[in-house]
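Visitor: To start, I am sharing the structure in question, which I have written as structure tokens.
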Amino acid sequence: MHLSGEVAERDAPPGSMTFLGAITHALRDALREDERVFLLGEDIGHFGGAFGVTKGLWEEFGDARVVDTPIAEEGFVGAAFGAAWMGERPVVELQFADFVSCAFDQIVTVGAKTHWRSGIALPVVIRAPFGGSVRGGPFHASCPEPSFVGVPGLKVVCPGSVGDAYGLLRSAIEDDDPVLFFEHKALYRRLRGEFPGSGHRVPLGRARVVRAGAAATVVTYAAGVDLALRAADGLDVEVLDLRTVWPIDEEAVLRSVAKTSRVLVLQEAAGATGVAGHVLALVARAAFESLDAPPALVSPPATPVPFAPPLEDTYLPSPERVRRALEELLDY
Amino acid sequence: MTRLALHRCMLLQRLVEERIVALYRQGRIAGSVYTGYMQEAVAAATGLALAPGDVVAPLNREQACHYARGVTPADVFRNFLGKGDGPTRGRDGNMHFGVPARGVFPLVSMLGDLVPVTVGAALAFKRRGEPRVALTYFGDGASSVGDVHEGLNLAAVWRVPAVFVVQSNQYAYSTPTERQMANTNLSERLTGGWSIPCVRVDGTDALAVYEVARDAVERARAGEGPQALEAVTLRGHGHAGHDAAAYVANELRLRFGDPIERLEARLRLDGLEEGELAALRDDAAAEVAAGLADAEAAPDPNPATLEDGVYATPLP
Ligand SMILES: Cc1ncc(C[n+]2csc(CCOP(=O)(O)OP(=O)(O)O)c2C)c(N)n1
């Protein structure tokens with residue numbers, strides 16, 4: 001017998017829904033409420049997906065709505081766009097976000113450009129588990145979102161809380177544009193929270209102040225949110241969760257920086273790519289005069305994600321590293 | 001009836017492309033131009049084999065397929081001229097357009113991409129139990145692209161109502177088929193490799209292509225899974241407007257006849273008088289001239305609208 005992760009969540013006491021359970025719940029509710037929604041991905045049917053996110057859904061919805069695919073990321077992502085062209089709302093699971101490189105062309109060519117060229121909307125959600133701390137190494141732990149930050153026509157979402165995982169996924173499925181939905185693997189079973197209710201929606205493109213503060217702003221997303229909260233303990237620091245990392249909620253960034261005059265970008269994507277490059281450029285361009293210190297960046301070095309624990313632990317931003325960077329920023 | 005429709009669509013493609021090449025040489029069309037010269041029969045016959053509710057994703061060589069779907073020469077000219085009221089509103093040029101209202105998906109350049117997209121449209125029909133078919137094309141050259149394999153495999157394993165038209169026109173740009181693949185018999189490969197029944201047909205014989213295409217479309221519609229046909233032709237012009245195709249041997253050219261002349265010979269056998277044929281040609285020429293005049297008078301795109309429509313639902 002196998003117990004679906006989601007059923008276990010439903011029976012669990014309030015406040016103990018996992019991040020993963022919230023995603024399962026969002027998929028189930030979307031499948032129940034909208035005939036046009038169906039799931040596509042490798043091993044997502046009776047097996048329930050590599051991480052168990054779709055456990056229990058095949059039993060409820062069957063082969064026609066929870067579709068196991070051959071190993072053909074470019075092919076089934078393209079097929080999702082074709083089905084969306086015909087008015088369906090496919091939700092694709094990539095087994096690991098790293099394999100998004102195999103579907104890159106369909107995403108940036110067909111997904112991103114079709115509405116602008118022809119007015120055909122392509123409502124497809126591509127879900128993908130990303131990120132490190134699971135000893136996944138160069139091919140199972142990377143953060144590929146920088147490849148899509150800046151691509152006109154795409155929306156990129158990276159939830160950082162249980163409620164957002166549910167509310168953002170529901171909004172993404174209801175949105176008329178292609179949405180890349182990156183789920184941090186380290187949050188799947190570690191993060192717990194309240195189930196926000198089936199009516200909960202989180203608007204795409206809106207950041208959230210997770211913790212208010214006046215002395216500095218941490219701009220982050222996904223696993224960075226929890227990390228920033230831990231690192232900022234006892235400091236008068238504002239933590240801004242971008243939630244949608246493309247397009248970026250520039251107003252929210254500028255509003256917070258105008259208040260605090262100091263900013264640190266925290267991301268798990270390597271170097272200054274993606275969100276870091278965009279937010280730092282924004283601050284330099286539009287908030288230069290309100291800054292009391294050079295903007296700071298905490299991110300891994302510009303290398304692939306290493307496997308061995310001592311290497312990966314050094315590679316990934318730690319609470320201590322973020323804490324030190326915050327203290328330097330505040331002391332400047 | 002069908003014969004006349006075939007003739008009209010083929011002739012429109014021929015005449016519009018003649019104008020387009022001339023405009024390009026005069027510097028009045030920017031960018032690049034692609035034609036399907038000598039492949040018009042394939043485009044017209046496969047387009048006409050579809051029912052109004054079916055959908056199609058044509059490529060560069062298949063202008064006549066657009067006419068079969070009800071797209072007009074004026075629409076095509078507007079896109080080549082980058083006009084503000086053309087199918088892509090000046091955002092893309094040449095044959096890189098679609099007409100959603102006619103069930104025509106916009107061409108994307110990346111060869112192979114439209115194969116999975118077409119499979120997905122067919123998957124939607126199958127899921128909903130709708131008796132509709134999705135059709136697309138790929139060249140001998142594109143058959144080497146991974147997307148084509150992924151799409152064919154998905155179509156076959158999901159048994160969706162998709163039809164694939166293989167345009168075996170001997171060349172991919174300057175590279176002949178035998179330097180692209182060891183087994184150049186694409187119909188054999190589709191049938192034996194992907195388990196998609198594929199009939200090879202002379203692509204200069206419009207009636208033969210139509211028969212085969214209609215059969216394939218109706219089998220797909222009847223739930224027999226994906227179908228294919230391989231149309232053998234020779235690309236009549238170079239790869240694009242700039243390419244004189246000096247690498248194509250004359251002996252090879254002599255092996256392929258003109259599909260329009262061939263159809264006209266057939267129409268004569270059917271009893272069509274010279275005068276009637278001349279009238280058909282005049283009608284098509286008049287439609288093309290009017291379409292061009294229309295397109296030339298059309299407004300240029302307004303640069304202020306450039307950022308409209310990046311998203312179906314723009315974020316605040
Ligand atoms: C993936 C990709 N690579 C390269 C090109 C550039 N390109 C455009 S058409 C073409 C040749 C295509 O040959 P084939 O598929 O046989 O079609 P044909 O042009 O002969 O009709 C090439 C190389 C492209 N559009 N897409």
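Chain lettering (A, B, ...) mirrors the order of the structure tokens, residue numbering begins at 1 for each chain separately, and ligand numbering begins at 1 in order of display.
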What residues in chain A lie within 7 Å of chain B, counting only C-alpha atoms, written as a PyMOL selection string?
Guide: chain A and resi 64+72+74-76+78-83+85-86+88+106+115-118+120-121+152-153+176-177+205
Visitor: Name each residue within 6 Å of ligand 1, counting only C-alpha atoms and all ligand atoms, as a list in words.
Guide: Arg61, Ser109, Met110, Leu111, Phe138, Gly139, Asp140, Gly141, Ala142, Asn169, Tyr171, Ala172, Tyr173 and His239 of chain B
Visitor: Nearest to Leu254 in chain A: which of A:Leu227, A:Val37, A:Ala286, A:Ala293 is it, counting only C-alpha atoms?
Guide: A:Ala286
Visitor: Compare A:Glu33, A:Asp175, A:Glu194, A:Glu42 by their minimum atom-to-atom distance to Ala128 in chain A, counting only C-alpha atoms, and give me the closest one.
Guide: A:Glu42
Visitor: Which residues in range 151-269 of chain A does DSSP call helix (DSSP H, G or I)? List them as an MDAnalysis selection string.
Guide: chainID A and resid 162:174 185:188 223:231 250:260
Visitor: Mind checking which residues fall within 7 Å of range 174-178 of chain B, counting only C-alpha atoms, ignoring those fewer than 4 positions away in the same chain, and posting them as a list in words?
Guide: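 Non-adjacent residues within range: Asp140, Gln170, Ala182, Thr184 and Tyr247 of chain B.
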Visitor: Output N, CA and C atoms for every residue in that selection, as a PDB file, in the first residue's frame.
Guide:
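Below is the file that was written, result.pdb:
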```pdb
ATOM      1  N   ASP B 140      13.461  17.246 -45.413  1.00  0.00           N
ATOM      2  CA  ASP B 140      14.478  16.206 -45.230  1.00  0.00           C
ATOM      3  C   ASP B 140      15.542  16.698 -44.271  1.00  0.00           C
ATOM      4  N   GLN B 170      15.282  17.189 -51.695  1.00  0.00           N
ATOM      5  CA  GLN B 170      16.652  16.879 -52.117  1.00  0.00           C
ATOM      6  C   GLN B 170      17.744  17.685 -51.419  1.00  0.00           C
ATOM      7  N   ALA B 182      22.100   8.446 -43.360  1.00  0.00           N
ATOM      8  CA  ALA B 182      22.543   7.230 -44.029  1.00  0.00           C
ATOM      9  C   ALA B 182      21.393   6.599 -44.801  1.00  0.00           C
ATOM     10  N   THR B 184      18.210   7.449 -46.599  1.00  0.00           N
ATOM     11  CA  THR B 184      17.473   8.611 -47.110  1.00  0.00           C
ATOM     12  C   THR B 184      16.007   8.281 -47.412  1.00  0.00           C
ATOM     13  N   TYR B 247      24.737  24.924 -56.687  1.00  0.00           N
ATOM     14  CA  TYR B 247      25.172  23.566 -56.323  1.00  0.00           C
ATOM     15  C   TYR B 247      24.181  22.494 -56.787  1.00  0.00           C
TER      16      TYR B 247
END
```
Visitor: Could you check which of A:Glu289, A:Asp331, A:Glu183, A:Glu251 is closest to Ala215 in chain A, using only C-alpha atoms?
Guide: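 Smallest distance to Ala215 in chain A is found for A:Asp331.
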Visitor: List every residue of range 59-301 of chain A that DSSP, applied to the backbone of this structure, assigns to strand (DSSP E), and report them as a VMD selection string.
Guide: chain A and resid 66 to 68 89 to 93 125 to 130 155 to 157 179 to 184 192 to 193 208 to 211 216 to 220 237 to 241 244 to 246 263 to 266 296 to 298
Visitor: Could those residues be written to a file, using N, CA and C atoms, as a short mmCIF file (atom, residue, chain, number, x, y, z; two decimals), in the first residue's frame?
Guide:
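Result file part.cif:
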```cif
data_model
loop_
_atom_site.label_atom_id
_atom_site.label_comp_id
_atom_site.auth_asym_id
_atom_site.auth_seq_id
_atom_site.Cartn_x
_atom_site.Cartn_y
_atom_site.Cartn_z
N VAL A 66 -3.44 12.66 -15.94
CA VAL A 66 -2.11 12.58 -15.35
C VAL A 66 -1.31 11.68 -16.29
N VAL A 67 -0.59 12.32 -17.20
CA VAL A 67 -0.04 11.61 -18.35
C VAL A 67 1.45 11.36 -18.18
N ASP A 68 1.81 10.09 -18.08
CA ASP A 68 3.23 9.72 -18.08
C ASP A 68 3.79 9.92 -19.48
N ARG A 89 -5.02 23.60 -20.59
CA ARG A 89 -4.11 24.24 -19.64
C ARG A 89 -3.17 23.20 -19.03
N PRO A 90 -2.20 22.77 -19.83
CA PRO A 90 -1.31 21.71 -19.36
C PRO A 90 -0.35 22.21 -18.27
N VAL A 91 -0.08 21.33 -17.33
CA VAL A 91 0.94 21.59 -16.31
C VAL A 91 1.99 20.50 -16.46
N VAL A 92 3.19 20.92 -16.80
CA VAL A 92 4.27 19.98 -17.09
C VAL A 92 5.16 19.85 -15.87
N GLU A 93 5.59 18.64 -15.56
CA GLU A 93 6.62 18.47 -14.53
C GLU A 93 7.92 18.05 -15.20
N VAL A 125 2.06 25.74 -17.59
CA VAL A 125 2.93 25.86 -16.41
C VAL A 125 3.96 24.74 -16.49
N ILE A 126 5.22 25.11 -16.32
CA ILE A 126 6.29 24.10 -16.28
C ILE A 126 6.86 24.10 -14.87
N ARG A 127 6.53 23.05 -14.13
CA ARG A 127 7.02 22.92 -12.75
C ARG A 127 8.34 22.18 -12.76
N ALA A 128 9.25 22.62 -11.88
CA ALA A 128 10.54 21.93 -11.87
C ALA A 128 11.21 22.07 -10.52
N PRO A 129 11.60 20.93 -9.90
CA PRO A 129 12.33 20.99 -8.64
C PRO A 129 13.77 21.45 -8.89
N PHE A 130 14.19 22.47 -8.16
CA PHE A 130 15.52 23.03 -8.40
C PHE A 130 16.27 23.20 -7.08
N LYS A 155 7.03 34.12 -17.70
CA LYS A 155 6.93 34.48 -16.29
C LYS A 155 7.64 33.39 -15.50
N VAL A 156 8.39 33.79 -14.49
CA VAL A 156 9.17 32.84 -13.72
C VAL A 156 8.85 33.01 -12.24
N VAL A 157 8.40 31.93 -11.63
CA VAL A 157 7.92 31.99 -10.25
C VAL A 157 8.73 31.04 -9.38
N VAL A 179 4.35 29.92 -17.75
CA VAL A 179 4.97 30.21 -16.46
C VAL A 179 5.94 29.08 -16.10
N LEU A 180 7.17 29.45 -15.78
CA LEU A 180 8.11 28.48 -15.23
C LEU A 180 7.98 28.56 -13.72
N PHE A 181 7.74 27.42 -13.09
CA PHE A 181 7.46 27.38 -11.66
C PHE A 181 8.52 26.51 -10.99
N PHE A 182 9.52 27.17 -10.41
CA PHE A 182 10.64 26.44 -9.82
C PHE A 182 10.40 26.21 -8.34
N GLU A 183 10.44 24.92 -7.96
CA GLU A 183 10.17 24.52 -6.57
C GLU A 183 11.47 24.09 -5.92
N HIS A 184 11.86 24.77 -4.85
CA HIS A 184 13.14 24.41 -4.25
C HIS A 184 13.04 23.08 -3.50
N ARG A 192 7.15 24.00 6.65
CA ARG A 192 5.78 23.67 7.05
C ARG A 192 4.99 24.95 7.30
N GLY A 193 3.71 24.86 7.08
CA GLY A 193 2.89 26.04 7.32
C GLY A 193 1.42 25.67 7.29
N ARG A 208 6.68 40.30 -1.71
CA ARG A 208 6.04 40.41 -0.39
C ARG A 208 7.10 40.74 0.66
N VAL A 209 6.78 41.68 1.51
CA VAL A 209 7.66 41.95 2.65
C VAL A 209 7.37 40.87 3.68
N VAL A 210 8.33 39.98 3.89
CA VAL A 210 8.12 38.85 4.80
C VAL A 210 8.37 39.30 6.23
N ARG A 211 9.27 40.26 6.34
CA ARG A 211 9.64 40.76 7.67
C ARG A 211 10.03 42.21 7.44
N ALA A 216 18.17 47.83 6.51
CA ALA A 216 18.67 47.24 5.26
C ALA A 216 17.58 46.35 4.67
N THR A 217 17.69 46.12 3.36
CA THR A 217 16.75 45.24 2.66
C THR A 217 17.49 44.02 2.13
N VAL A 218 16.94 42.85 2.38
CA VAL A 218 17.44 41.65 1.69
C VAL A 218 16.42 41.32 0.60
N VAL A 219 16.88 41.33 -0.64
CA VAL A 219 16.02 40.92 -1.75
C VAL A 219 16.36 39.48 -2.07
N THR A 220 15.39 38.60 -1.98
CA THR A 220 15.68 37.19 -2.19
C THR A 220 14.44 36.46 -2.67
N VAL A 237 16.28 44.37 9.86
CA VAL A 237 16.44 44.14 8.42
C VAL A 237 15.11 43.73 7.80
N GLU A 238 14.83 44.30 6.65
CA GLU A 238 13.62 43.95 5.90
C GLU A 238 13.94 42.80 4.95
N VAL A 239 13.07 41.81 4.92
CA VAL A 239 13.26 40.70 3.98
C VAL A 239 12.15 40.76 2.93
N LEU A 240 12.58 40.95 1.69
CA LEU A 240 11.63 41.05 0.58
C LEU A 240 11.71 39.78 -0.26
N ASP A 241 10.60 39.05 -0.30
CA ASP A 241 10.52 37.82 -1.10
C ASP A 241 9.94 38.19 -2.46
N THR A 244 7.80 36.20 -7.67
CA THR A 244 7.93 36.11 -9.13
C THR A 244 9.27 36.73 -9.47
N VAL A 245 10.18 35.96 -10.05
CA VAL A 245 11.51 36.50 -10.31
C VAL A 245 11.64 37.06 -11.72
N TRP A 246 10.62 36.84 -12.54
CA TRP A 246 10.54 37.53 -13.82
C TRP A 246 9.11 37.59 -14.28
N VAL A 263 21.00 47.61 0.60
CA VAL A 263 20.38 46.44 -0.01
C VAL A 263 21.39 45.31 -0.20
N LEU A 264 20.90 44.12 0.08
CA LEU A 264 21.69 42.91 -0.16
C LEU A 264 20.83 41.96 -0.99
N VAL A 265 21.40 41.46 -2.07
CA VAL A 265 20.70 40.45 -2.86
C VAL A 265 21.23 39.08 -2.46
N LEU A 266 20.32 38.21 -2.15
CA LEU A 266 20.69 36.84 -1.74
C LEU A 266 20.06 35.86 -2.71
N ALA A 296 25.11 44.89 -1.79
CA ALA A 296 25.86 43.66 -1.50
C ALA A 296 25.20 42.47 -2.19
N LEU A 297 26.02 41.46 -2.42
CA LEU A 297 25.53 40.25 -3.07
C LEU A 297 26.04 39.02 -2.34
N VAL A 298 25.14 38.14 -1.98
CA VAL A 298 25.56 36.83 -1.49
C VAL A 298 24.98 35.79 -2.43
#
```
Visitor: Please provide the set of residues having any atom within 8 Å of range 13-23 of chain B, restricted to only C-alpha atoms, with same-chain residues fewer than 3 positions apart removed, written as a PyMOL selection string.
Guide: chain B and resi 9-10+26-29+33+35-37+40+63-64+73+77+80+241+284-285+288
Visitor: Measure the distance from CA of Ala295 in chain B to CA of Arg78 in chain B in Å and round it to one decimal.
Guide: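 Value for the CA of Ala295 in chain B-CA of Arg78 in chain B distance: 5.0 Å.
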Visitor: Compare B:Gly192, B:Arg179, B:Leu280, B:Arg200 by their minimum atom-to-atom distance to Ala5 in chain B, counting only C-alpha atoms, and give me the closest one.
Guide: B:Leu280
Visitor: Any idea what the distance is between CA of Arg235 in chain B and CA of Ala74 in chain B?
Guide: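 For CA of Arg235 in chain B relative to CA of Ala74 in chain B, the distance reads 24.7 Å.
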Visitor: So which residues touch Arg268 in chain B within 12 Å, counting only C-alpha atoms, skipping near sequence neighbours fewer than 6 positions away, as a PyMOL selection string?
Guide: chain B and resi 3-4+261-262+274-278
Visitor: Generate a file of the selected residues that holds C-alpha atoms, formatted as a PDB file, in the first residue's frame.
Guide:
```
ATOM      1  CA  ARG B   3      -8.896  20.227 -59.116  1.00  0.00           C
ATOM      2  CA  LEU B   4      -9.798  23.845 -59.635  1.00  0.00           C
ATOM      3  CA  GLU B 261       1.863  22.531 -65.918  1.00  0.00           C
ATOM      4  CA  ARG B 262       1.194  18.969 -64.913  1.00  0.00           C
ATOM      5  CA  GLU B 274      -7.760  26.924 -73.270  1.00  0.00           C
ATOM      6  CA  GLY B 275      -9.958  29.944 -72.793  1.00  0.00           C
ATOM      7  CA  GLU B 276     -11.183  28.653 -69.436  1.00  0.00           C
ATOM      8  CA  LEU B 277      -7.616  28.004 -68.300  1.00  0.00           C
ATOM      9  CA  ALA B 278      -6.610  31.483 -69.377  1.00  0.00           C
TER      10      ALA B 278
END
```
